[in-house]
Each structure stands twice: as C-alpha cells, then as structure tokens.
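Undergrad: Before anything else, here's the structure in question.
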Amino acid sequence: MKNTEKIWNRRFILLFITNLLMMATFYAAVPIIPVYCQEVGITGPKIGIVLTAMSITTVLFRPFAGYILDNFNRYHVYLLFLALFSLPFLGFALIPIFALLVLIRLCMGVVYSVCGSATMTLAGDVLPPKKVGQGINRFALTNSLGMAAGPFIGIQVQNLMSSKASFITLFIMTVIALICVSFCKIKYPKTSRKKFRISDAFYKPALPFMLNMIFLMIPFGAVIAYSSILAQEKGIETVTPYFYICLVAGILLSKFSTQKRIDAGKHTIFVIISLLVLIFTMTSYYFMETALHFLLAGFLFGLGYGILQPLFQSFVTGTSPAQKRGAANATYLLSYDIGIGIGSLVMGFFQESIGISKGMALTVVSYIVGGLIYVLYVDNYYSKLALRLKEKNLI
C-alpha cells in the first residue's frame with residue numbers, strides 16, 4: 001500500500017509541475033505576441049486576429065478532445081500533444097508572416113484543447129478514488145497560478161531579451177514540461193473505442209458547472225486582457241509586472257488558508273465569500289487611479305479565484321467516473337475558453353464606449369448572475385450528484 005501511495009504521489013507531483021509549466025508558458029505568450037507583431041510590422045486589427053484565432057479552434061475542438069482522451073491511451077495522447085504544443089513557440093520565432101502566424105495560432109488551439117483537458121484527467125487517474133476530489137482541488141491550483149504567473153514571466157522575459165529569444169525560452173519551458181511527464185509512465189488498459197458522436201463528446205452532468213463558470217470567468221478575461229492597457233492609461237504601467245505578483249500572492253494565500261475547511265466539505269460559504277470579494281474588487285475599478293489600488297485589486301482578485309477555480313474543477317473531476325473524465329474535463333473547460341473570450345471581447349467594446357475602468361466595474365453583473373446560478377441550483381446539484389455517484393461506487 002505504501003509503495004502504491006509513493007507511486008501516485010510521484011506521478012501527481014510530476015503532473016503538477018508539468019501543468020504549471022504548460023499553463024505558465026501558454027499565458028506568458030499572451031503579452032509577448034502583441035509586441036512581437038508590432039515589431040514585425042503587424043499592426044491594428046491584425047494583432048487581435050492573431051490573438052483570438054486560437055480561441056476559435058480551442059472551443060471547436062474541445063468536444064473532440066474529450067472523445068480522444070476517453071477512447072485512446074490518455075498518457076500516450078498527452079505525450080504526443082504536449083510535444084506538438086511546444087512547436088508553435090518555435091514557429092513564432094522563425095516565421096514572422098501574418099497569415100502563417102494566424103495558422104500557427106489556429107493549430108495551437110487544437111493542440112491546447114487536448115493538453116488542457118488531458119492534465120486534469122491524468123491527475124484524476126493517478127489519485128486513489130477517495131482522494132480524487134481533494135487532489136484535483138489542489139492540482140487545479142496549477143491553472144490559477146499559470147494564468148497569473150504566465151503574463152508576469154512573459155513581460156519580464158521580453159524586457160530582458162528580444163521577442164524571438166522570448167519565444168525560444170518558452171519553447172525550452174515546454175520541453176522541460178515534456179521531460180517531466182515522460183517520467184510518469186502511466187499505464188492504461190486497452191480501451192474499446194466507440195464511434196464518435198457529438199452527443200457523447202459532451203459529459204452532460206458537467207454542463208451546469210460549465211455554464212456557471214462561464215459567467216465567473218468573464219471578468220477574469222477582461223482583467224487579464226486589459227490590465228496592462230488600463231495601467232498605461234492611468235500612468236502606472238511601471239507596476240504592471242507586480243500586479244501579477246500580487247495576483248499570485250492572493251491565489252496562494254486563499255488556497256492555503258482555506259484548504260482544510262474546503263476538504264471538510266465547507267465549500268458553499270467560501271464560494272459566496274469569494275464572489276463578494278470579487279464583486280467589491282471589480283466595482284472598485286470605477287474609482288481606480290493609483291498604483292496601490294491597482295496592486296491591491298490584483299491581490300483581491302487572486303484571493304477570489306484561488307478558491308473558485310480549483311473548487312469548481314474538483315466538483316467536475318470528483319463526480320465523474322474514471323472512464324468519463326476526459327469528456328467531463330473537456331466539457332467543463334469550455335467555460336474558460338468561452339468566458340475569457342467573452343470578457344476580452346466585451347471589454348473591447350467597453351474601451352471605446354465607456355472606458356476600461358467603467359467597463360471593469362460593469363462586469364460585476366456577470367458575478368451576480370453566476371452567484372445566483374450557484375446558490376439556486378449548482379450547490380444543491382453538486383451535493384446530489386456526489387451522493388448518487390458515491391452510492392453507486394462510481395467515484
């Protein structure tokens with residue numbers, strides 16, 4: 001028994017490091033790409049096309065990602081797609097042509113849709129059945145930290161090197177991630193493959209969690225996409241990198257200070273507290289003028305999402321039978337793709353019409369809607385689903 005626990009602990013840690021590197025690399029590229037595009041003569045709306053091209057294929061391919069993970073050897077699939085995930089960073093460094101950069105981003109969306117779903121699925125598979133919910137709650141921290149630390153890494157690396165050298169650095173980071181996961185050596189029994197049907201690509205019990213998280217991720221997309229621009233408008237752009245440090249600090253503090261109580265099943269109160277903190281934070285953007293306020297907002301933003309993102313991920317993975325986890329995670333993670341995409345798009349309209357500060361404040365509407373969905377339906381839905389699956393010994 002002890003040897004078995006050591007094996008899954010080692011594999012879990014390796015997957016944790018791998019996903020953290022992958023997510024940080026992915027989000028590190030976000031602030032690098034616009035600057036790089038300008039350097040090679042790609043300007044205006046073309047930059048937006050390069051940035052958003054990936055979102056299209058990510059959303060479209062997520063259902064296929066779930067099918068692939070549930071009908072093929074998940075470990076081999078992840079090794080292949082993580083290797084493919086590293087190549088676009090070299091492509092950006094070597095091919096500074098608009099049409100080809102768009103093509104690279106489209107391909108990256110396909111690859112990322114599989115990689116992002118695979119890590120959560122593999123992590124759930126290496127955990128003992130009774131530890132899946134708690135383990136995934138911790139593992140999902142890699143998503144939050146990667147989203148927060150990635151832009152900071154991207155900004156810092158680009159300031160120290162050229163943009164091309166930055167992309168090569170990100171390529172090296174993905175290679176390190178690939179080396180880490182190659183030591184996991186996870187074995188799966190041979191699977192009986194089913195014919196692909198679009199109805200089977202979505203795991204229906206995960207749909208309420210996905211819908212709920214879409215609303216909660218809209219403000220996240222707005223903040224990640226427009227914080228740098230807002231800082232420039234307010235004349236406080238020198239502290240932009242530290243905004244992301246404060247974001248990471250908030251995530252870590254909320255995670256480690258609430259973990260024991262969440263493990264004990266007291267998740268409802270923390271969802272409500274997180275939403276209240278986030279509503280207060282986004283409302284305060286209306287009055288934002290100083291660097292201190294900007295940094296404090298980053299910290300409070302981290303406090304809220306340090307609880308919400310891992311908790312909802314554990315709701316999904318912890319209530320999904322092992323053979324359905326690929327589809328379940330792919331279904332749920334659509335909420336990130338759609339929510340962040342909507343947030344970025346809406347803020348683009350707000351920037352021109354009412355300004356970023358007012359636009360950020362208006363995103364509290366999304367939190368209110370998401371909160372109502374959780375309180376009126378999802379909270380009770382999760383409790384019933386977990387109990388039902390436990391009785392059937394499916395988790």
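Please note that chains go A, B, ... in the order of the structure tokens, that every chain numbers its residues from 1, and that ligands are numbered from 1 in the order shown.
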Per residue of range 147-181 of chain A within 12 Å of range 296-317 of chain A, note the shortest atom pair and the distance in Å to one decimal, counting only C-alpha atoms, and order the rows by chain and increasing residue number, as a Markdown table.
TA:
```
| residue | atom | partner | partner_atom | distance |
| --- | --- | --- | --- | --- |
| A:Met147 | CA | A:Gly302 | CA | 10.5 |
| A:Ala148 | CA | A:Gly302 | CA | 8.2 |
| A:Ala149 | CA | A:Gly302 | CA | 11.1 |
```
Undergrad: Okay, now the selection with N, CA, C and O atoms, as a PDB file, in the first residue's frame?
TA:
```pdb
ATOM      1  N   MET A 147      -2.125  30.995 -15.013  1.00  0.00           N
ATOM      2  CA  MET A 147      -2.793  32.162 -15.586  1.00  0.00           C
ATOM      3  C   MET A 147      -2.258  33.460 -15.001  1.00  0.00           C
ATOM      4  O   MET A 147      -2.184  34.490 -15.692  1.00  0.00           O
ATOM      5  N   ALA A 148      -1.885  33.430 -13.714  1.00  0.00           N
ATOM      6  CA  ALA A 148      -1.413  34.644 -13.045  1.00  0.00           C
ATOM      7  C   ALA A 148       0.069  34.879 -13.270  1.00  0.00           C
ATOM      8  O   ALA A 148       0.500  36.006 -13.561  1.00  0.00           O
ATOM      9  N   ALA A 149       0.873  33.816 -13.130  1.00  0.00           N
ATOM     10  CA  ALA A 149       2.330  33.964 -13.238  1.00  0.00           C
ATOM     11  C   ALA A 149       2.790  34.072 -14.686  1.00  0.00           C
ATOM     12  O   ALA A 149       3.816  34.709 -14.968  1.00  0.00           O
TER      13      ALA A 149
END
```
Undergrad: What is the CA of Val30 in chain A to CA of Val248 in chain A distance in Å?
TA: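 Calculated distance between CA of Val30 in chain A and CA of Val248 in chain A is 17.0 Å.
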Undergrad: Residues within 7 Å of range 104-119 of chain A, please, as a short mmCIF file (atom, residue, chain, number, x, y, z; two decimals) with N, CA and C atoms, in the first residue's frame. Count only C-alpha atoms; anything in the same chain fewer than 4 positions from it doesn't count.
TA:
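Output file part11.cif follows:
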```
data_model
loop_
_atom_site.label_atom_id
_atom_site.label_comp_id
_atom_site.auth_asym_id
_atom_site.auth_seq_id
_atom_site.Cartn_x
_atom_site.Cartn_y
_atom_site.Cartn_z
N LEU A 15 3.02 15.54 -12.67
CA LEU A 15 1.94 16.13 -13.46
C LEU A 15 1.65 17.56 -13.01
N ASN A 19 1.88 20.62 -15.63
CA ASN A 19 0.77 21.51 -15.95
C ASN A 19 1.07 22.96 -15.59
N VAL A 50 -4.59 37.60 -34.71
CA VAL A 50 -3.57 36.63 -34.29
C VAL A 50 -3.87 36.10 -32.89
N ALA A 53 -7.40 33.98 -32.84
CA ALA A 53 -7.54 32.83 -33.74
C ALA A 53 -7.52 31.52 -32.97
N MET A 54 -6.67 31.46 -31.98
CA MET A 54 -6.54 30.23 -31.21
C MET A 54 -7.82 29.88 -30.45
N SER A 55 -8.51 30.90 -29.95
CA SER A 55 -9.73 30.67 -29.17
C SER A 55 -10.78 29.93 -29.99
N THR A 57 -10.41 27.69 -32.52
CA THR A 57 -10.17 26.25 -32.66
C THR A 57 -10.18 25.54 -31.30
N THR A 58 -9.82 26.26 -30.25
CA THR A 58 -9.88 25.64 -28.92
C THR A 58 -11.31 25.27 -28.56
N PHE A 61 -12.67 22.43 -30.91
CA PHE A 61 -12.06 21.10 -30.80
C PHE A 61 -12.22 20.48 -29.42
N ARG A 62 -12.66 21.23 -28.43
CA ARG A 62 -12.81 20.66 -27.08
C ARG A 62 -13.63 19.36 -27.06
N ALA A 65 -11.54 16.59 -28.13
CA ALA A 65 -10.51 16.30 -27.14
C ALA A 65 -11.02 15.30 -26.12
N LEU A 69 -9.48 11.47 -25.48
CA LEU A 69 -8.96 11.06 -24.18
C LEU A 69 -9.69 9.86 -23.60
N TYR A 78 -1.34 12.44 -24.37
CA TYR A 78 -0.77 13.65 -23.74
C TYR A 78 0.67 13.88 -24.16
N PHE A 81 0.57 15.28 -27.79
CA PHE A 81 0.04 16.64 -27.94
C PHE A 81 0.88 17.67 -27.17
N LEU A 82 1.52 17.27 -26.08
CA LEU A 82 2.41 18.20 -25.39
C LEU A 82 3.64 18.48 -26.24
N LEU A 84 3.60 18.46 -29.52
CA LEU A 84 3.08 19.37 -30.56
C LEU A 84 2.86 20.77 -30.00
N PHE A 85 2.51 20.87 -28.70
CA PHE A 85 2.26 22.15 -28.05
C PHE A 85 3.52 23.02 -28.04
N PRO A 88 4.66 25.51 -31.78
CA PRO A 88 4.25 26.86 -32.18
C PRO A 88 5.15 27.97 -31.64
N LEU A 100 0.77 33.12 -41.72
CA LEU A 100 1.33 31.91 -41.10
C LEU A 100 1.21 31.95 -39.57
N ALA A 123 -4.31 13.50 -13.88
CA ALA A 123 -4.16 13.71 -12.44
C ALA A 123 -5.24 12.97 -11.66
N GLY A 326 -12.31 12.30 -19.32
CA GLY A 326 -11.83 13.08 -20.46
C GLY A 326 -12.91 14.00 -21.00
N ASN A 329 -13.90 16.78 -18.29
CA ASN A 329 -12.97 17.91 -18.20
C ASN A 329 -13.02 18.77 -19.46
N ALA A 330 -13.14 18.13 -20.62
CA ALA A 330 -13.23 18.90 -21.86
C ALA A 330 -14.49 19.75 -21.87
#
```
Undergrad: Just checking: using only C-alpha atoms, which residue out of A:Ile368, A:Ile338, A:Met360, A:Ile17 ends up closest to Leu276 in chain A?
TA: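 The shortest atom-to-atom distance to Leu276 in chain A comes from A:Ile368.
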Undergrad: Tell me which protein, DNA and RNA residues are within 12 Å of Ile279 in chain A, counting only C-alpha atoms, leaving out same-chain ones fewer than 2 positions away, and put them as a PyMOL selection string.
TA: chain A and resi 216+219-220+272-277+281-286+297+300-301+304-305+360-371
Undergrad: Residues near Asp337 in chain A, anyone? I mean within 9 Å using only C-alpha atoms, not counting same-chain ones fewer than 5 positions away, as a short mmCIF file (atom, residue, chain, number, x, y, z; two decimals) with C-alpha atoms, in the first residue's frame.
TA:
```cif
data_model
loop_
_atom_site.label_atom_id
_atom_site.label_comp_id
_atom_site.auth_asym_id
_atom_site.auth_seq_id
_atom_site.Cartn_x
_atom_site.Cartn_y
_atom_site.Cartn_z
CA SER A 55 -9.73 30.67 -29.17
CA ILE A 56 -11.84 29.63 -32.16
CA THR A 58 -9.88 25.64 -28.92
CA VAL A 59 -13.64 25.96 -28.47
CA ILE A 214 -18.64 30.85 -17.89
CA MET A 217 -14.67 33.74 -15.99
CA ILE A 342 -16.41 36.93 -23.95
#
```
Undergrad: Give me the residues near range 228-236 of chain A as a PDB file with N, CA and C atoms, in the first residue's frame, where near means some atom within 12 Å (using only C-alpha atoms) and where sequence neighbours in that chain fewer than 5 positions away do not count.
TA:
```
ATOM      1  N   VAL A  30       0.905  35.520 -24.079  1.00  0.00           N
ATOM      2  CA  VAL A  30      -0.156  36.500 -24.335  1.00  0.00           C
ATOM      3  C   VAL A  30       0.375  37.934 -24.415  1.00  0.00           C
ATOM      4  N   PRO A  31       1.180  38.419 -23.446  1.00  0.00           N
ATOM      5  CA  PRO A  31       1.692  39.784 -23.574  1.00  0.00           C
ATOM      6  C   PRO A  31       2.844  39.916 -24.573  1.00  0.00           C
ATOM      7  N   PRO A  34       1.480  40.590 -28.873  1.00  0.00           N
ATOM      8  CA  PRO A  34       1.184  41.914 -29.451  1.00  0.00           C
ATOM      9  C   PRO A  34       2.432  42.744 -29.742  1.00  0.00           C
ATOM     10  N   PRO A 151       1.694  35.775 -17.483  1.00  0.00           N
ATOM     11  CA  PRO A 151       1.907  37.128 -18.020  1.00  0.00           C
ATOM     12  C   PRO A 151       3.103  37.836 -17.385  1.00  0.00           C
ATOM     13  N   PHE A 152       3.325  37.632 -16.087  1.00  0.00           N
ATOM     14  CA  PHE A 152       4.495  38.232 -15.430  1.00  0.00           C
ATOM     15  C   PHE A 152       5.784  37.688 -16.042  1.00  0.00           C
ATOM     16  N   ILE A 155       6.235  39.196 -19.603  1.00  0.00           N
ATOM     17  CA  ILE A 155       6.675  40.595 -19.588  1.00  0.00           C
ATOM     18  C   ILE A 155       8.147  40.709 -19.198  1.00  0.00           C
ATOM     19  N   ALA A 222     -11.561  39.824 -18.906  1.00  0.00           N
ATOM     20  CA  ALA A 222     -11.423  41.275 -19.032  1.00  0.00           C
ATOM     21  C   ALA A 222     -10.166  41.778 -18.331  1.00  0.00           C
ATOM     22  N   VAL A 223      -9.914  41.271 -17.133  1.00  0.00           N
ATOM     23  CA  VAL A 223      -8.764  41.731 -16.346  1.00  0.00           C
ATOM     24  C   VAL A 223      -7.450  41.286 -16.985  1.00  0.00           C
ATOM     25  N   PRO A 241       4.029  44.520 -13.964  1.00  0.00           N
ATOM     26  CA  PRO A 241       4.512  43.175 -13.607  1.00  0.00           C
ATOM     27  C   PRO A 241       4.164  42.785 -12.172  1.00  0.00           C
ATOM     28  N   TYR A 242       4.154  43.757 -11.269  1.00  0.00           N
ATOM     29  CA  TYR A 242       3.882  43.472  -9.862  1.00  0.00           C
ATOM     30  C   TYR A 242       2.397  43.190  -9.614  1.00  0.00           C
ATOM     31  N   PHE A 243       1.550  43.631 -10.551  1.00  0.00           N
ATOM     32  CA  PHE A 243       0.130  43.284 -10.479  1.00  0.00           C
ATOM     33  C   PHE A 243      -0.029  41.768 -10.479  1.00  0.00           C
ATOM     34  N   TYR A 244       0.755  41.108 -11.347  1.00  0.00           N
ATOM     35  CA  TYR A 244       0.656  39.651 -11.463  1.00  0.00           C
ATOM     36  C   TYR A 244       1.284  38.950 -10.261  1.00  0.00           C
ATOM     37  N   TYR A 285     -12.845  49.213  -9.498  1.00  0.00           N
ATOM     38  CA  TYR A 285     -12.149  49.670 -10.706  1.00  0.00           C
ATOM     39  C   TYR A 285     -12.726  51.000 -11.208  1.00  0.00           C
ATOM     40  N   TYR A 286     -13.975  51.260 -10.893  1.00  0.00           N
ATOM     41  CA  TYR A 286     -14.617  52.514 -11.317  1.00  0.00           C
ATOM     42  C   TYR A 286     -13.866  53.725 -10.753  1.00  0.00           C
ATOM     43  N   PHE A 287     -13.260  53.555  -9.571  1.00  0.00           N
ATOM     44  CA  PHE A 287     -12.586  54.669  -8.893  1.00  0.00           C
ATOM     45  C   PHE A 287     -11.055  54.564  -8.971  1.00  0.00           C
ATOM     46  N   MET A 288     -10.550  53.614  -9.732  1.00  0.00           N
ATOM     47  CA  MET A 288      -9.116  53.334  -9.705  1.00  0.00           C
ATOM     48  C   MET A 288      -8.297  54.454 -10.349  1.00  0.00           C
ATOM     49  N   GLU A 289      -7.298  54.936  -9.604  1.00  0.00           N
ATOM     50  CA  GLU A 289      -6.399  55.967 -10.114  1.00  0.00           C
ATOM     51  C   GLU A 289      -4.940  55.712  -9.736  1.00  0.00           C
ATOM     52  N   THR A 290      -4.688  55.007  -8.640  1.00  0.00           N
ATOM     53  CA  THR A 290      -3.338  54.888  -8.107  1.00  0.00           C
ATOM     54  C   THR A 290      -2.753  53.492  -8.302  1.00  0.00           C
ATOM     55  N   ALA A 291      -1.434  53.426  -8.229  1.00  0.00           N
ATOM     56  CA  ALA A 291      -0.736  52.149  -8.351  1.00  0.00           C
ATOM     57  C   ALA A 291      -1.074  51.223  -7.192  1.00  0.00           C
ATOM     58  N   LEU A 292      -1.213  51.784  -5.993  1.00  0.00           N
ATOM     59  CA  LEU A 292      -1.537  50.974  -4.821  1.00  0.00           C
ATOM     60  C   LEU A 292      -2.895  50.289  -4.997  1.00  0.00           C
ATOM     61  N   HIS A 293      -3.867  51.042  -5.489  1.00  0.00           N
ATOM     62  CA  HIS A 293      -5.199  50.481  -5.742  1.00  0.00           C
ATOM     63  C   HIS A 293      -5.111  49.365  -6.784  1.00  0.00           C
ATOM     64  N   PHE A 294      -4.326  49.584  -7.819  1.00  0.00           N
ATOM     65  CA  PHE A 294      -4.146  48.618  -8.896  1.00  0.00           C
ATOM     66  C   PHE A 294      -3.571  47.307  -8.351  1.00  0.00           C
ATOM     67  N   LEU A 295      -2.546  47.404  -7.507  1.00  0.00           N
ATOM     68  CA  LEU A 295      -1.903  46.224  -6.939  1.00  0.00           C
ATOM     69  C   LEU A 295      -2.830  45.514  -5.945  1.00  0.00           C
ATOM     70  N   GLY A 298      -5.281  43.424  -7.763  1.00  0.00           N
ATOM     71  CA  GLY A 298      -4.683  42.167  -8.199  1.00  0.00           C
ATOM     72  C   GLY A 298      -4.666  41.134  -7.088  1.00  0.00           C
ATOM     73  N   MET A 347     -14.868  43.784 -23.257  1.00  0.00           N
ATOM     74  CA  MET A 347     -14.035  44.905 -22.832  1.00  0.00           C
ATOM     75  C   MET A 347     -13.524  45.712 -24.014  1.00  0.00           C
ATOM     76  N   GLY A 348     -13.384  45.071 -25.168  1.00  0.00           N
ATOM     77  CA  GLY A 348     -13.000  45.801 -26.371  1.00  0.00           C
ATOM     78  C   GLY A 348     -14.047  46.839 -26.743  1.00  0.00           C
ATOM     79  N   GLN A 351     -14.080  49.608 -23.959  1.00  0.00           N
ATOM     80  CA  GLN A 351     -12.943  50.524 -24.035  1.00  0.00           C
ATOM     81  C   GLN A 351     -13.267  51.730 -24.911  1.00  0.00           C
ATOM     82  N   GLY A 355     -15.035  53.359 -21.559  1.00  0.00           N
ATOM     83  CA  GLY A 355     -13.730  53.326 -20.909  1.00  0.00           C
ATOM     84  C   GLY A 355     -13.513  52.038 -20.131  1.00  0.00           C
ATOM     85  N   ILE A 356     -12.246  51.694 -19.922  1.00  0.00           N
ATOM     86  CA  ILE A 356     -11.910  50.422 -19.283  1.00  0.00           C
ATOM     87  C   ILE A 356     -12.358  50.380 -17.824  1.00  0.00           C
ATOM     88  N   SER A 357     -12.147  51.457 -17.075  1.00  0.00           N
ATOM     89  CA  SER A 357     -12.487  51.454 -15.650  1.00  0.00           C
ATOM     90  C   SER A 357     -13.972  51.168 -15.434  1.00  0.00           C
ATOM     91  N   LYS A 358     -14.830  51.884 -16.157  1.00  0.00           N
ATOM     92  CA  LYS A 358     -16.271  51.657 -16.023  1.00  0.00           C
ATOM     93  C   LYS A 358     -16.650  50.273 -16.537  1.00  0.00           C
ATOM     94  N   GLY A 359     -15.987  49.846 -17.615  1.00  0.00           N
ATOM     95  CA  GLY A 359     -16.256  48.528 -18.175  1.00  0.00           C
ATOM     96  C   GLY A 359     -15.935  47.417 -17.188  1.00  0.00           C
ATOM     97  N   MET A 360     -14.785  47.542 -16.507  1.00  0.00           N
ATOM     98  CA  MET A 360     -14.413  46.557 -15.492  1.00  0.00           C
ATOM     99  C   MET A 360     -15.474  46.505 -14.393  1.00  0.00           C
TER     100      MET A 360
END
```
Undergrad: May I ask which of the residues A:Tyr226, A:Phe209, A:Phe350, A:Phe167 is the closest one to Val378 in chain A, counting only C-alpha atoms?
TA: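 Between A:Tyr226, A:Phe209, A:Phe350, A:Phe167, the residue approaching Val378 in chain A most closely is A:Phe209.
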Undergrad: Between A:Gln156, A:Thr18, A:Ser353, A:Ser166, which one has atoms that come closest to Cys184 in chain A, using only C-alpha atoms?
TA: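 Result for the nearest residue to Cys184 in chain A: A:Thr18.
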Undergrad: Kindly indicate which residue among A:Pro208, A:Leu345, A:Leu141, A:Met213 lies nearest to Tyr382 in chain A, using only C-alpha atoms for the distances.
TA: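 The closest residue to Tyr382 in chain A is A:Pro208.
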